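Here the structure comes first, spelled out in structure tokens, and everything after it is commentary.
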Amino acid sequence: AAAAAADPDPDPDPAPDPDPDPDPDPDSADPDPVAPPTAPWTRALVLDNAPFPRRDIPSAVAHAPPTYDGRGPLHLVVFLHGWRGCAAALALSGPQDCGGRTMEGWDLARRFDEAEVDGVFVVAQLAFLERDGSAGRFVEAGRFRAWLDELRAALGLPEPASVTLLAHSAGFETALAILDRGGAPIRSVVLFDALYRGYAPFADWVEADPARRLVSLHTGGGRTASQSAMLARRARRELPDGQVALDPDPLAAAVPGHRVVVARSPVRHGDVPARHLAELARVLLPGGAQ
């Protein structure tokens with residue numbers, strides 16, 4: 001079966017962003033509330049504010065683990081895939097129907113379950129099965145926030161207390177667009193072998209607020225390693241002493257006490273999200289299993 005993975009070497013000079021739609025649909029988040037489902041649950045949603053609008057495939061796959069309480073503050077974790085992504089295959093296990101094509105699932109929702117956190121995991125559908133890492137309509141001011149609001153309304157979820165972005169491979173482009181123009185407060189960013197370029201704007205973002213956390217994992221070579229090294233040097237220069245961890249062991253233990261963590265992953269590019277998702281979610285969200 002074909003893989004749902006992003007290509008390990010996205011084009012460093014992607015095509016220009018599409019012309020933005022200046023009017024994200026503020027009414028697409030249905031004002032009529034729905035009762036929140038009882039965890040665990042998984043829902044595939046078609047959303048009007050999707051970055052790449054289509055009606056024949058889900059715009060997002062949302063998953064609440066058994067440990068999701070639903071009565072306290074909402075902590076959202078949004079996964080941003082790279083090239084050739086299918087949200088259903090990334091979130092779920094086994095063979096998945098991706099627009100008529102069967103793809104083997106990555107089972108990232110189960111990896112999120114392993115963290116035992118009180119949060120909701122969402123795989124955003126970006127460019128569907130395309131060799132394309134662009135952010136689509138997420139380049140528009142406020143579109144990501146409108147997408148989040150629409151998703152929350154469809155699931156009966158409250159306003160999020162925190163949003164964490166997990167970007168794999170070319171998903172870094174969408175992460176940058178969301179940080180710059182998304183309109184939602186992002187507390188943490190994890191780059192799963194994704195820092196192909198843009199270390200400076202990521203550094204700008206984390207340096208602007210001491211509550212923010214940035215983790216960049218690489219596989220030891222190429223642009224993600226060199227950009228991560230530049231990120232670490234910049235952060236060590238600009239942040240107070242002791243706020244940057246380079247290749248800590250164990251990885252997860254360093255995250256709460258450091259604003260920037262840069263480390264080499266021991267696995268290949270396509271396996272980085274599954275290898276590290278649970279251990280990082282445990283320390284970035286409340287209630288994680290220790």
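Residues in the structure tokens are named by chain (A, B, ... in the order shown) and by number from 1 within that chain; ligands are numbered from 1 in the order shown.
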Test item: residues at most 12 Å from Gln96 (chain A), only C-alpha atoms, excluding those fewer than 2 positions along its chain, as a PDB file with N, CA and C atoms, in the first residue's frame:
```
ATOM      1  N   ALA A   1       0.841  -1.193   0.000  1.00  0.00           N
ATOM      2  CA  ALA A   1       0.000   0.000   0.000  1.00  0.00           C
ATOM      3  C   ALA A   1       0.868   1.231   0.000  1.00  0.00           C
ATOM      4  N   ALA A   2       0.375   2.295  -0.612  1.00  0.00           N
ATOM      5  CA  ALA A   2       1.150   3.518  -0.659  1.00  0.00           C
ATOM      6  C   ALA A   2       1.224   4.130   0.719  1.00  0.00           C
ATOM      7  N   ALA A   3       2.309   4.859   0.988  1.00  0.00           N
ATOM      8  CA  ALA A   3       2.488   5.475   2.306  1.00  0.00           C
ATOM      9  C   ALA A   3       1.769   6.806   2.372  1.00  0.00           C
ATOM     10  N   ALA A   4       1.381   7.187   3.578  1.00  0.00           N
ATOM     11  CA  ALA A   4       0.734   8.478   3.778  1.00  0.00           C
ATOM     12  C   ALA A   4       1.746   9.559   4.102  1.00  0.00           C
ATOM     13  N   ILE A  57     -13.708  14.536   0.774  1.00  0.00           N
ATOM     14  CA  ILE A  57     -12.767  13.965   1.745  1.00  0.00           C
ATOM     15  C   ILE A  57     -12.860  14.785   3.032  1.00  0.00           C
ATOM     16  N   CYS A  86      -2.750  12.242   3.631  1.00  0.00           N
ATOM     17  CA  CYS A  86      -4.171  11.894   3.726  1.00  0.00           C
ATOM     18  C   CYS A  86      -4.500  11.839   5.213  1.00  0.00           C
ATOM     19  N   ALA A  87      -5.377  12.721   5.691  1.00  0.00           N
ATOM     20  CA  ALA A  87      -5.634  12.839   7.129  1.00  0.00           C
ATOM     21  C   ALA A  87      -6.124  11.533   7.721  1.00  0.00           C
ATOM     22  N   ALA A  88      -7.004  10.814   7.016  1.00  0.00           N
ATOM     23  CA  ALA A  88      -7.531   9.558   7.549  1.00  0.00           C
ATOM     24  C   ALA A  88      -6.420   8.545   7.748  1.00  0.00           C
ATOM     25  N   ALA A  89      -5.524   8.422   6.786  1.00  0.00           N
ATOM     26  CA  ALA A  89      -4.440   7.453   6.893  1.00  0.00           C
ATOM     27  C   ALA A  89      -3.438   7.853   7.969  1.00  0.00           C
ATOM     28  N   LEU A  90      -3.225   9.131   8.155  1.00  0.00           N
ATOM     29  CA  LEU A  90      -2.296   9.569   9.185  1.00  0.00           C
ATOM     30  C   LEU A  90      -2.851   9.319  10.584  1.00  0.00           C
ATOM     31  N   ALA A  91      -4.136   9.538  10.768  1.00  0.00           N
ATOM     32  CA  ALA A  91      -4.737   9.420  12.095  1.00  0.00           C
ATOM     33  C   ALA A  91      -5.027   7.983  12.493  1.00  0.00           C
ATOM     34  N   LEU A  92      -5.425   7.140  11.541  1.00  0.00           N
ATOM     35  CA  LEU A  92      -6.002   5.847  11.860  1.00  0.00           C
ATOM     36  C   LEU A  92      -5.062   4.699  11.512  1.00  0.00           C
ATOM     37  N   SER A  93      -5.448   3.490  11.896  1.00  0.00           N
ATOM     38  CA  SER A  93      -4.629   2.306  11.637  1.00  0.00           C
ATOM     39  C   SER A  93      -5.220   1.483  10.507  1.00  0.00           C
ATOM     40  N   GLY A  94      -4.391   0.618   9.934  1.00  0.00           N
ATOM     41  CA  GLY A  94      -4.873  -0.290   8.910  1.00  0.00           C
ATOM     42  C   GLY A  94      -5.115   0.405   7.586  1.00  0.00           C
ATOM     43  N   CYS A  98      -8.467   6.695   0.834  1.00  0.00           N
ATOM     44  CA  CYS A  98      -8.059   8.086   0.623  1.00  0.00           C
ATOM     45  C   CYS A  98      -8.490   8.496  -0.782  1.00  0.00           C
ATOM     46  N   GLY A  99      -9.737   8.916  -0.904  1.00  0.00           N
ATOM     47  CA  GLY A  99     -10.243   9.345  -2.197  1.00  0.00           C
ATOM     48  C   GLY A  99     -10.236   8.245  -3.238  1.00  0.00           C
ATOM     49  N   GLY A 100     -10.546   7.024  -2.831  1.00  0.00           N
ATOM     50  CA  GLY A 100     -10.544   5.902  -3.753  1.00  0.00           C
ATOM     51  C   GLY A 100      -9.223   5.156  -3.830  1.00  0.00           C
ATOM     52  N   ARG A 101      -8.240   5.616  -3.140  1.00  0.00           N
ATOM     53  CA  ARG A 101      -6.925   4.977  -3.104  1.00  0.00           C
ATOM     54  C   ARG A 101      -6.702   4.412  -1.706  1.00  0.00           C
ATOM     55  N   THR A 102      -6.265   3.183  -1.611  1.00  0.00           N
ATOM     56  CA  THR A 102      -6.029   2.559  -0.308  1.00  0.00           C
ATOM     57  C   THR A 102      -4.622   2.884   0.175  1.00  0.00           C
ATOM     58  N   MET A 103      -4.548   3.390   1.396  1.00  0.00           N
ATOM     59  CA  MET A 103      -3.265   3.739   1.989  1.00  0.00           C
ATOM     60  C   MET A 103      -3.195   3.163   3.396  1.00  0.00           C
ATOM     61  N   GLU A 104      -2.022   2.740   3.793  1.00  0.00           N
ATOM     62  CA  GLU A 104      -1.831   2.148   5.113  1.00  0.00           C
ATOM     63  C   GLU A 104      -1.753   3.239   6.180  1.00  0.00           C
ATOM     64  N   GLY A 105      -2.491   3.045   7.261  1.00  0.00           N
ATOM     65  CA  GLY A 105      -2.553   4.064   8.297  1.00  0.00           C
ATOM     66  C   GLY A 105      -1.314   4.145   9.165  1.00  0.00           C
ATOM     67  N   TRP A 106      -1.046   5.348   9.633  1.00  0.00           N
ATOM     68  CA  TRP A 106       0.074   5.592  10.553  1.00  0.00           C
ATOM     69  C   TRP A 106      -0.343   5.417  12.006  1.00  0.00           C
ATOM     70  N   ASP A 107      -1.633   5.469  12.296  1.00  0.00           N
ATOM     71  CA  ASP A 107      -2.161   5.240  13.642  1.00  0.00           C
ATOM     72  C   ASP A 107      -1.667   6.290  14.646  1.00  0.00           C
TER      73      ASP A 107
END
```
Write out as a compact mmCIF listing (two decimals) with N, CA, C and O atoms, in the first residue's frame which residues come within 8 Å of Ser228 (chain A) when counting only C-alpha atoms, dropping same-chain ones fewer than 4 positions away.
```txt
# COMPACT_ATOMS: atom_id res chain seq x y z
N LEU A 195 12.30 21.27 9.85
CA LEU A 195 12.87 22.62 9.74
C LEU A 195 13.78 22.71 8.51
O LEU A 195 15.00 22.83 8.60
N TYR A 199 14.28 29.02 10.14
CA TYR A 199 14.63 28.97 11.56
C TYR A 199 14.45 30.34 12.22
O TYR A 199 14.07 30.43 13.40
N SER A 216 12.59 21.13 17.95
CA SER A 216 12.95 20.79 16.57
C SER A 216 13.76 19.50 16.57
O SER A 216 14.87 19.44 17.10
N LEU A 217 13.18 18.47 15.97
CA LEU A 217 13.86 17.18 15.82
C LEU A 217 14.34 17.02 14.39
O LEU A 217 13.64 17.41 13.44
N HIS A 218 15.50 16.45 14.22
CA HIS A 218 16.05 16.19 12.89
C HIS A 218 16.62 14.79 12.86
O HIS A 218 16.71 14.12 13.90
N THR A 224 17.35 19.92 7.52
CA THR A 224 16.70 19.99 8.84
C THR A 224 17.75 20.00 9.95
O THR A 224 17.54 20.64 10.99
N ALA A 232 19.40 26.63 17.20
CA ALA A 232 19.98 26.50 18.53
C ALA A 232 20.97 27.62 18.81
O ALA A 232 20.99 28.20 19.91
N VAL A 262 16.48 21.21 20.76
CA VAL A 262 16.90 20.70 19.46
C VAL A 262 17.56 19.35 19.68
O VAL A 262 18.45 19.22 20.54
```
Tell me which protein, DNA and RNA residues are within 12 Å of Asp247 (chain A), counting only C-alpha atoms, leaving out same-chain ones fewer than 4 positions away, and put them as a PDB file with N, CA and C atoms, in the first residue's frame.
```
ATOM      1  N   VAL A 215      10.257  22.756  19.872  1.00  0.00           N
ATOM      2  CA  VAL A 215      11.074  21.553  19.794  1.00  0.00           C
ATOM      3  C   VAL A 215      11.340  21.270  18.322  1.00  0.00           C
ATOM      4  N   SER A 216      12.594  21.132  17.946  1.00  0.00           N
ATOM      5  CA  SER A 216      12.953  20.792  16.574  1.00  0.00           C
ATOM      6  C   SER A 216      13.764  19.500  16.566  1.00  0.00           C
ATOM      7  N   LEU A 217      13.181  18.468  15.971  1.00  0.00           N
ATOM      8  CA  LEU A 217      13.859  17.179  15.824  1.00  0.00           C
ATOM      9  C   LEU A 217      14.339  17.021  14.386  1.00  0.00           C
ATOM     10  N   HIS A 218      15.504  16.446  14.218  1.00  0.00           N
ATOM     11  CA  HIS A 218      16.046  16.190  12.886  1.00  0.00           C
ATOM     12  C   HIS A 218      16.622  14.788  12.859  1.00  0.00           C
ATOM     13  N   THR A 219      17.005  14.323  11.680  1.00  0.00           N
ATOM     14  CA  THR A 219      17.505  12.951  11.557  1.00  0.00           C
ATOM     15  C   THR A 219      19.007  12.891  11.308  1.00  0.00           C
ATOM     16  N   GLY A 220      19.695  14.010  11.552  1.00  0.00           N
ATOM     17  CA  GLY A 220      21.152  13.961  11.556  1.00  0.00           C
ATOM     18  C   GLY A 220      21.847  14.468  10.319  1.00  0.00           C
ATOM     19  N   ALA A 225      18.860  19.310   9.752  1.00  0.00           N
ATOM     20  CA  ALA A 225      19.926  19.332  10.758  1.00  0.00           C
ATOM     21  C   ALA A 225      20.626  20.688  10.779  1.00  0.00           C
ATOM     22  N   SER A 228      18.280  23.374  12.162  1.00  0.00           N
ATOM     23  CA  SER A 228      18.111  23.187  13.605  1.00  0.00           C
ATOM     24  C   SER A 228      19.331  23.684  14.363  1.00  0.00           C
ATOM     25  N   ALA A 229      20.517  23.464  13.806  1.00  0.00           N
ATOM     26  CA  ALA A 229      21.738  23.965  14.444  1.00  0.00           C
ATOM     27  C   ALA A 229      21.746  25.489  14.478  1.00  0.00           C
ATOM     28  N   ALA A 232      19.399  26.631  17.196  1.00  0.00           N
ATOM     29  CA  ALA A 232      19.981  26.501  18.528  1.00  0.00           C
ATOM     30  C   ALA A 232      20.972  27.622  18.806  1.00  0.00           C
ATOM     31  N   LEU A 251      14.993  12.989  26.024  1.00  0.00           N
ATOM     32  CA  LEU A 251      14.457  14.150  25.319  1.00  0.00           C
ATOM     33  C   LEU A 251      13.329  14.820  26.087  1.00  0.00           C
ATOM     34  N   ALA A 252      12.301  14.061  26.429  1.00  0.00           N
ATOM     35  CA  ALA A 252      11.087  14.655  26.988  1.00  0.00           C
ATOM     36  C   ALA A 252      11.339  15.386  28.291  1.00  0.00           C
ATOM     37  N   ALA A 253      12.278  14.896  29.104  1.00  0.00           N
ATOM     38  CA  ALA A 253      12.530  15.508  30.404  1.00  0.00           C
ATOM     39  C   ALA A 253      13.041  16.934  30.275  1.00  0.00           C
ATOM     40  N   ALA A 254      13.648  17.265  29.136  1.00  0.00           N
ATOM     41  CA  ALA A 254      14.216  18.605  28.962  1.00  0.00           C
ATOM     42  C   ALA A 254      13.183  19.633  28.540  1.00  0.00           C
ATOM     43  N   VAL A 255      12.047  19.195  28.005  1.00  0.00           N
ATOM     44  CA  VAL A 255      11.105  20.139  27.393  1.00  0.00           C
ATOM     45  C   VAL A 255      10.479  21.104  28.393  1.00  0.00           C
ATOM     46  N   VAL A 260      13.567  26.203  24.121  1.00  0.00           N
ATOM     47  CA  VAL A 260      13.944  25.625  22.829  1.00  0.00           C
ATOM     48  C   VAL A 260      14.693  24.326  23.077  1.00  0.00           C
ATOM     49  N   VAL A 261      14.262  23.271  22.391  1.00  0.00           N
ATOM     50  CA  VAL A 261      14.944  21.978  22.462  1.00  0.00           C
ATOM     51  C   VAL A 261      15.229  21.526  21.031  1.00  0.00           C
ATOM     52  N   VAL A 262      16.477  21.206  20.763  1.00  0.00           N
ATOM     53  CA  VAL A 262      16.902  20.700  19.456  1.00  0.00           C
ATOM     54  C   VAL A 262      17.564  19.348  19.682  1.00  0.00           C
ATOM     55  N   ALA A 263      17.130  18.339  18.930  1.00  0.00           N
ATOM     56  CA  ALA A 263      17.658  16.991  19.160  1.00  0.00           C
ATOM     57  C   ALA A 263      17.604  16.169  17.886  1.00  0.00           C
ATOM     58  N   ARG A 264      18.484  15.190  17.828  1.00  0.00           N
ATOM     59  CA  ARG A 264      18.487  14.233  16.722  1.00  0.00           C
ATOM     60  C   ARG A 264      17.601  13.050  17.074  1.00  0.00           C
ATOM     61  N   SER A 265      16.720  12.688  16.156  1.00  0.00           N
ATOM     62  CA  SER A 265      15.889  11.508  16.337  1.00  0.00           C
ATOM     63  C   SER A 265      16.644  10.273  15.860  1.00  0.00           C
ATOM     64  N   PRO A 266      16.462   9.137  16.528  1.00  0.00           N
ATOM     65  CA  PRO A 266      17.169   7.926  16.107  1.00  0.00           C
ATOM     66  C   PRO A 266      16.492   7.167  14.967  1.00  0.00           C
TER      67      PRO A 266
END
```
Practice problem: DSSP on the backbone, then: every residue of region 82-125 of chain A marked strand (DSSP E or B), written as a PyMOL selection string. | Solution: chain A and resi 85+95-98+101-104+120-124
Generate a file of the selected residues that holds N, CA, C and O atoms, formatted as a tab-separated table (two decimals), in the first residue's frame.
```tsv
chain	number	residue	atom	x	y	z
A	85	GLY	N	-0.14	13.89	1.78
A	85	GLY	CA	-0.81	13.51	3.02
A	85	GLY	C	-2.28	13.19	2.84
A	85	GLY	O	-2.98	13.79	2.01
A	95	PRO	N	-5.62	-0.33	6.60
A	95	PRO	CA	-5.89	0.26	5.28
A	95	PRO	C	-6.99	1.32	5.37
A	95	PRO	O	-8.02	1.10	5.99
A	96	GLN	N	-6.75	2.47	4.75
A	96	GLN	CA	-7.70	3.57	4.76
A	96	GLN	C	-8.01	4.01	3.33
A	96	GLN	O	-7.15	4.02	2.46
A	97	ASP	N	-9.28	4.38	3.12
A	97	ASP	CA	-9.70	4.88	1.82
A	97	ASP	C	-9.36	6.35	1.72
A	97	ASP	O	-9.91	7.18	2.46
A	98	CYS	N	-8.47	6.69	0.83
A	98	CYS	CA	-8.06	8.09	0.62
A	98	CYS	C	-8.49	8.50	-0.78
A	98	CYS	O	-7.72	8.38	-1.75
A	101	ARG	N	-8.24	5.62	-3.14
A	101	ARG	CA	-6.93	4.98	-3.10
A	101	ARG	C	-6.70	4.41	-1.71
A	101	ARG	O	-6.94	5.10	-0.71
A	102	THR	N	-6.27	3.18	-1.61
A	102	THR	CA	-6.03	2.56	-0.31
A	102	THR	C	-4.62	2.88	0.18
A	102	THR	O	-3.64	2.66	-0.54
A	103	MET	N	-4.55	3.39	1.40
A	103	MET	CA	-3.26	3.74	1.99
A	103	MET	C	-3.20	3.16	3.40
A	103	MET	O	-4.20	3.10	4.10
A	104	GLU	N	-2.02	2.74	3.79
A	104	GLU	CA	-1.83	2.15	5.11
A	104	GLU	C	-1.75	3.24	6.18
A	104	GLU	O	-1.05	4.24	6.03
A	120	VAL	N	-7.33	17.00	22.90
A	120	VAL	CA	-7.91	16.49	21.66
A	120	VAL	C	-6.88	16.63	20.55
A	120	VAL	O	-6.24	17.68	20.40
A	121	PHE	N	-6.72	15.57	19.77
A	121	PHE	CA	-5.74	15.48	18.68
A	121	PHE	C	-6.47	15.66	17.35
A	121	PHE	O	-7.50	14.99	17.11
A	122	VAL	N	-5.97	16.53	16.49
A	122	VAL	CA	-6.61	16.81	15.21
A	122	VAL	C	-5.56	16.72	14.10
A	122	VAL	O	-4.52	17.38	14.18
A	123	VAL	N	-5.85	15.92	13.08
A	123	VAL	CA	-5.02	15.90	11.87
A	123	VAL	C	-5.71	16.78	10.85
A	123	VAL	O	-6.83	16.49	10.41
A	124	ALA	N	-5.06	17.87	10.46
A	124	ALA	CA	-5.61	18.78	9.45
A	124	ALA	C	-5.29	18.23	8.06
A	124	ALA	O	-4.16	17.80	7.80
```
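Relative to CA of Glu130 (chain A), CA of Leu80 (chain A) is found at 14.0 Å.
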Quiz prompt | region 172-222 of chain A: residues DSSP assigns to helix (DSSP H, G or I), reported as a ChimeraX atom specification | solution = /A:172-181,199-207,222
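Ranking A:Phe172, A:Phe138, A:Phe128, A:Phe112 by their shortest atom-to-atom distance to Ala278 (chain A), with only C-alpha atoms included, puts A:Phe112 first.
Rounded to one decimal, CA of Leu74 (chain A) and CA of Thr38 (chain A) lie 14.2 Å from each other.
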Wanna dump the region 44-114 of chain A-region 145-167 of chain A contacts at 12 Å for me, each residue with its shortest atom pair and the distance in Å to one decimal, counting only C-alpha atoms, ordered by chain and number, as a tab-separated table?
```
residue	atom	partner	partner_atom	distance
A:Ala44	CA	A:Leu151	CA	10.2
A:Leu45	CA	A:Leu151	CA	7.6
A:Val46	CA	A:Leu151	CA	8.9
A:Leu47	CA	A:Glu150	CA	6.9
A:Asp48	CA	A:Trp147	CA	7.7
A:Asn49	CA	A:Trp147	CA	4.9
A:Ala50	CA	A:Trp147	CA	6.3
A:Pro51	CA	A:Trp147	CA	8.3
A:Phe52	CA	A:Trp147	CA	11.3
A:Pro53	CA	A:Trp147	CA	11.1
A:Pro58	CA	A:Leu151	CA	11.6
A:Ser59	CA	A:Trp147	CA	9.5
A:Ala60	CA	A:Leu151	CA	8.4
A:Val61	CA	A:Leu151	CA	9.9
A:Ala62	CA	A:Leu151	CA	8.7
A:His63	CA	A:Leu155	CA	10.4
A:Ala64	CA	A:Leu155	CA	10.7
A:Tyr68	CA	A:Leu157	CA	11.8
A:Asp69	CA	A:Leu157	CA	11.5
A:Gly70	CA	A:Leu157	CA	8.0
A:Arg71	CA	A:Pro158	CA	9.4
A:Gly72	CA	A:Pro158	CA	9.2
A:Pro73	CA	A:Ala161	CA	5.6
A:Leu74	CA	A:Pro160	CA	4.6
A:His75	CA	A:Ser162	CA	5.0
A:Leu76	CA	A:Val163	CA	4.8
A:Val77	CA	A:Thr164	CA	4.7
A:Val78	CA	A:Leu165	CA	5.0
A:Phe79	CA	A:Leu166	CA	4.7
A:Leu80	CA	A:Ala167	CA	4.6
A:His81	CA	A:Ala167	CA	6.2
A:Gly82	CA	A:Ala167	CA	7.8
A:Trp83	CA	A:Ala167	CA	11.5
A:Leu108	CA	A:Leu166	CA	11.5
A:Phe112	CA	A:Leu166	CA	11.8
```
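The residue set within 12 Å of Gly257 (chain A), counting only C-alpha atoms and dropping same-chain residues fewer than 4 places from it, reads Pro210, Ala211, Arg212, Arg213, Leu214, Asp241, Gly242, Gln243, Val244, Ala245, Pro248, Leu251, Ala252, Ala253, Val261, Val283 and Leu284 of chain A.
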Would you mind exporting the chosen residues as a tab-separated table (two decimals), in the first residue's frame, restricted to all heavy atoms?
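Writing done, so here's out.tsv:
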```tsv
chain	number	residue	atom	x	y	z
A	210	PRO	N	7.86	34.09	26.99
A	210	PRO	CA	8.54	33.05	27.77
A	210	PRO	C	7.69	31.82	28.03
A	210	PRO	O	8.22	30.79	28.45
A	210	PRO	CB	8.88	33.76	29.08
A	210	PRO	CG	8.02	34.96	29.13
A	210	PRO	CD	7.75	35.36	27.72
A	211	ALA	N	6.38	31.87	27.79
A	211	ALA	CA	5.53	30.69	28.00
A	211	ALA	C	5.56	29.74	26.82
A	211	ALA	O	5.06	28.61	26.91
A	211	ALA	CB	4.09	31.13	28.25
A	212	ARG	N	6.15	30.14	25.70
A	212	ARG	CA	6.14	29.31	24.49
A	212	ARG	C	7.26	28.27	24.52
A	212	ARG	O	8.32	28.49	25.13
A	212	ARG	CB	6.27	30.20	23.25
A	212	ARG	CG	5.06	31.08	23.03
A	212	ARG	CD	5.29	32.10	21.92
A	212	ARG	NE	4.08	32.90	21.71
A	212	ARG	CZ	4.04	33.98	20.93
A	212	ARG	NH1	5.14	34.41	20.32
A	212	ARG	NH2	2.91	34.63	20.79
A	213	ARG	N	7.00	27.16	23.83
A	213	ARG	CA	7.98	26.09	23.71
A	213	ARG	C	8.15	25.70	22.24
A	213	ARG	O	7.15	25.61	21.50
A	213	ARG	CB	7.54	24.85	24.51
A	213	ARG	CG	7.47	25.08	26.02
A	213	ARG	CD	8.85	25.28	26.61
A	213	ARG	NE	8.83	25.49	28.05
A	213	ARG	CZ	8.73	26.69	28.62
A	213	ARG	NH1	8.64	27.78	27.88
A	213	ARG	NH2	8.71	26.81	29.93
A	214	LEU	N	9.40	25.45	21.83
A	214	LEU	CA	9.70	25.05	20.46
A	214	LEU	C	10.65	23.86	20.51
A	214	LEU	O	11.72	23.93	21.12
A	214	LEU	CB	10.35	26.21	19.70
A	214	LEU	CG	10.85	25.92	18.28
A	214	LEU	CD1	9.71	25.48	17.37
A	214	LEU	CD2	11.55	27.16	17.71
A	241	ASP	N	20.40	32.38	29.74
A	241	ASP	CA	21.18	31.15	29.91
A	241	ASP	C	20.30	30.03	30.44
A	241	ASP	O	19.42	30.24	31.29
A	241	ASP	CB	22.33	31.39	30.88
A	241	ASP	CG	23.42	32.28	30.28
A	241	ASP	OD1	23.39	32.48	29.05
A	241	ASP	OD2	24.26	32.77	31.05
A	242	GLY	N	20.55	28.83	29.95
A	242	GLY	CA	19.85	27.66	30.44
A	242	GLY	C	18.49	27.42	29.81
A	242	GLY	O	17.78	26.50	30.23
A	243	GLN	N	18.11	28.21	28.80
A	243	GLN	CA	16.79	28.06	28.19
A	243	GLN	C	16.80	27.22	26.91
A	243	GLN	O	15.75	26.99	26.32
A	243	GLN	CB	16.21	29.44	27.88
A	243	GLN	CG	15.87	30.25	29.10
A	243	GLN	CD	14.78	29.59	29.92
A	243	GLN	OE1	13.65	29.46	29.48
A	243	GLN	NE2	15.12	29.14	31.12
A	244	VAL	N	17.98	26.77	26.49
A	244	VAL	CA	18.10	25.98	25.25
A	244	VAL	C	18.77	24.65	25.57
A	244	VAL	O	19.81	24.61	26.23
A	244	VAL	CB	18.95	26.74	24.20
A	244	VAL	CG1	19.06	25.93	22.91
A	244	VAL	CG2	18.33	28.11	23.91
A	245	ALA	N	18.16	23.56	25.13
A	245	ALA	CA	18.72	22.23	25.33
A	245	ALA	C	19.08	21.63	23.97
A	245	ALA	O	18.27	21.63	23.04
A	245	ALA	CB	17.72	21.32	26.04
A	248	PRO	N	19.33	16.63	24.39
A	248	PRO	CA	19.18	16.13	25.76
A	248	PRO	C	18.81	14.65	25.77
A	248	PRO	O	18.20	14.13	24.84
A	248	PRO	CB	18.02	16.98	26.30
A	248	PRO	CG	17.20	17.29	25.09
A	248	PRO	CD	18.20	17.48	23.99
A	251	LEU	N	14.99	12.99	26.02
A	251	LEU	CA	14.46	14.15	25.32
A	251	LEU	C	13.33	14.82	26.09
A	251	LEU	O	13.36	16.03	26.35
A	251	LEU	CB	13.96	13.70	23.93
A	251	LEU	CG	13.09	14.69	23.16
A	251	LEU	CD1	13.89	15.93	22.80
A	251	LEU	CD2	12.54	14.03	21.89
A	252	ALA	N	12.30	14.06	26.43
A	252	ALA	CA	11.09	14.65	26.99
A	252	ALA	C	11.34	15.39	28.29
A	252	ALA	O	10.71	16.41	28.57
A	252	ALA	CB	10.02	13.58	27.18
A	253	ALA	N	12.28	14.90	29.10
A	253	ALA	CA	12.53	15.51	30.40
A	253	ALA	C	13.04	16.93	30.28
A	253	ALA	O	12.88	17.75	31.19
A	253	ALA	CB	13.52	14.67	31.19
A	261	VAL	N	14.26	23.27	22.39
A	261	VAL	CA	14.94	21.98	22.46
A	261	VAL	C	15.23	21.53	21.03
A	261	VAL	O	14.32	21.48	20.19
A	261	VAL	CB	14.09	20.92	23.18
A	261	VAL	CG1	14.79	19.56	23.16
A	261	VAL	CG2	13.80	21.35	24.62
A	283	VAL	N	4.52	15.82	28.07
A	283	VAL	CA	5.12	16.93	28.80
A	283	VAL	C	4.62	18.29	28.33
A	283	VAL	O	4.87	19.29	29.01
A	283	VAL	CB	6.67	16.87	28.71
A	283	VAL	CG1	7.18	15.64	29.43
A	283	VAL	CG2	7.15	16.90	27.28
A	284	LEU	N	3.92	18.34	27.21
A	284	LEU	CA	3.41	19.61	26.71
A	284	LEU	C	1.96	19.86	27.11
A	284	LEU	O	1.50	21.00	27.10
A	284	LEU	CB	3.53	19.66	25.19
A	284	LEU	CG	4.95	19.80	24.63
A	284	LEU	CD1	4.96	19.63	23.12
A	284	LEU	CD2	5.57	21.13	25.02
```
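For the pair CA of Pro286 (chain A) and CA of Glu116 (chain A), the interatomic distance is 9.2 Å.
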